[in-house]
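Notes for the one structure printed next.
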Amino acid sequence: MKGLKIFFLIVLLFFFLIGGGFVAINVYVLNYAKPYIYSDLNTLPQKFTVIVPGARVYKTTVSHVVRDRLEAASSCIKKGKVERVLISGDHGRKDYDEVNRMRLFMQEVYNIDCSYIFMDHAGFSTYDTMYRARDIFCVKDAIVVTQEFHTARSVYIARKLGLDVVAYVAPEITPFPSRFHRSWEFRESLARVKNFFLVAFNAKPKFLGNQIPITGDARESWD
């Protein structure tokens, strides 16, 4: 009986330590990124590039999440906050292409000059996006446009990889239901922990490749 009690105490301690570490990492990432997150376009500092992380798209249009990000990026361009766009998303299959759908939406809906738009076809995660922005596209400073729940992780990864990055919270054109926000926040708390360790161990992205400098010809990144 005594041995069973000790076993349960050890298990309880183990879960306590895991839970404490989970909370500590989330608090650390959120506090680290907080000074670099902006919700007012007027106070947003100027950078050379705006990074648009990918999310769900469809055959003829984009999801509301992507639309909000693209509108925020377009606002940054029109306000003179950036000079180039880096769209990063999943184009790992012939029948699913986030980056070209996002580019076309940006051109057709927001009338953004295609010569400004670079495309990262292997941005399968936020970590891959930031790592490849640095190593493939030679990005040094950028604004990442995304939803509020995603800003801290984006900034944390980028700045820990040596990029001078701030985040602009993409305004919600059509407000999302509160249940969506709760779901996003829960999943994001897990993702922050995962990415904390990816950064700590300097994990490599799924794909690297030849450099396509963001200061060069955008068409070299098209496919």
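Residues in the structure tokens are named by chain (A, B, ... in the order shown) and by number from 1 within that chain; ligands are numbered from 1 in the order shown.
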
- Item | 9 Å contact set for His91 of chain A, only C-alpha atoms, chain neighbours under 5 positions out, as a list in words |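 These residues fall inside the cut-off: Tyr96, Asp97, Glu98, Val99, Asn100, Asp120, His121, Ala122, Gly123 and Phe124 of chain A.
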
Near Ser74 of chain A, within 9 Å and counting only C-alpha atoms, which residues show up once chain neighbours fewer than 5 positions away are dropped, as a CSV table (one decimal) with C-alpha atoms, in the first residue's frame?
```csv
chain,number,residue,atom,x,y,z
A,69,ARG,CA,-4.4,38.6,-43.4
A,79,LYS,CA,0.3,52.9,-46.3
A,85,VAL,CA,5.3,40.9,-49.8
A,106,MET,CA,-4.3,40.0,-53.5
A,110,TYR,CA,-6.7,44.6,-53.6
A,111,ASN,CA,-5.0,45.5,-56.9
A,112,ILE,CA,-1.4,44.8,-55.6
```

- Task: Name the residues in contact with His150 of chain A at a cut-off of 12 Å, using only C-alpha atoms, excluding same-chain residues fewer than 3 positions from it; report them as number ranges by chain.
- Result: A: 29-30, 33-34, 37, 52-55, 65, 69, 125-127, 144-147, 153-157, 167-170, 181, 184-192

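Shortest atom-to-atom contact with Thr129 of chain A among A:Ile87, A:Ile77, A:Ile214, A:Leu41: A:Ile87, counting only C-alpha atoms.
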
- Task: Would you work out the distance separating atom CA of Arg179 of chain A from atom CA of Val109 of chain A, expressed in Å to one decimal?
- Result: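 Separating atom CA of Arg179 of chain A from atom CA of Val109 of chain A is a distance of 28.8 Å.
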
- Message: Set the distance at 8 Å and use only C-alpha atoms: which residues neighbour Val62 of chain A once local chain neighbours fewer than 4 positions away are removed? I'd like the list as a list in words.
- Response: Arg56, Val57, Tyr58, Val66, Arg67, Arg101, Met102 and Phe105 of chain A

- Task: Would you mind telling me which residue in A:Gly92, A:Leu86, A:Glu172, A:Phe149 lies nearest to Ser221 of chain A when using only C-alpha atoms?
- Result: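 Counting only C-alpha atoms, the residue closest to Ser221 of chain A is A:Leu86.
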
- Item | Spatial neighbours of Gly209 of chain A, 10 Å, only C-alpha atoms, chain gap at least 6 places, as a count of residues only | 3

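For the set A:Thr61, A:Ser183, A:Thr49, A:Asn42, the residue with the smallest atom-to-atom gap to Leu163 of chain A is A:Thr49, counting only C-alpha atoms.
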
- Counting only C-alpha atoms, figure out which residue out of A:Leu161, A:Val139, A:Val199, A:Val193 gets nearest to Gln211 of chain A.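 Comparing A:Leu161, A:Val139, A:Val199, A:Val193 against Gln211 of chain A, the winner is A:Val139.
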
- Task: Extract the full set of strand (DSSP E or B) residues from segment 66-144 of chain A according to DSSP on the backbone, and format it as a PyMOL selection string.
- Result: chain A and resi 84-88+90+93+96+117-120+122+141-144

- Task: Extract the full set of helix (DSSP H, G or I) residues from segment 44-219 of chain A according to DSSP on the backbone, and format it as a VMD selection string.
- Result: chain A and resid 64 to 78 98 to 110 114 to 116 126 to 135 148 to 160 178 to 200 218 to 219

- Message: As an exercise, work out the distance from atom CA of Phe201 of chain A to atom CA of Ala152 of chain A in Å and give it to one decimal place.
- Response: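 Straight-line distance from atom CA of Phe201 of chain A to atom CA of Ala152 of chain A works out to 19.1 Å.
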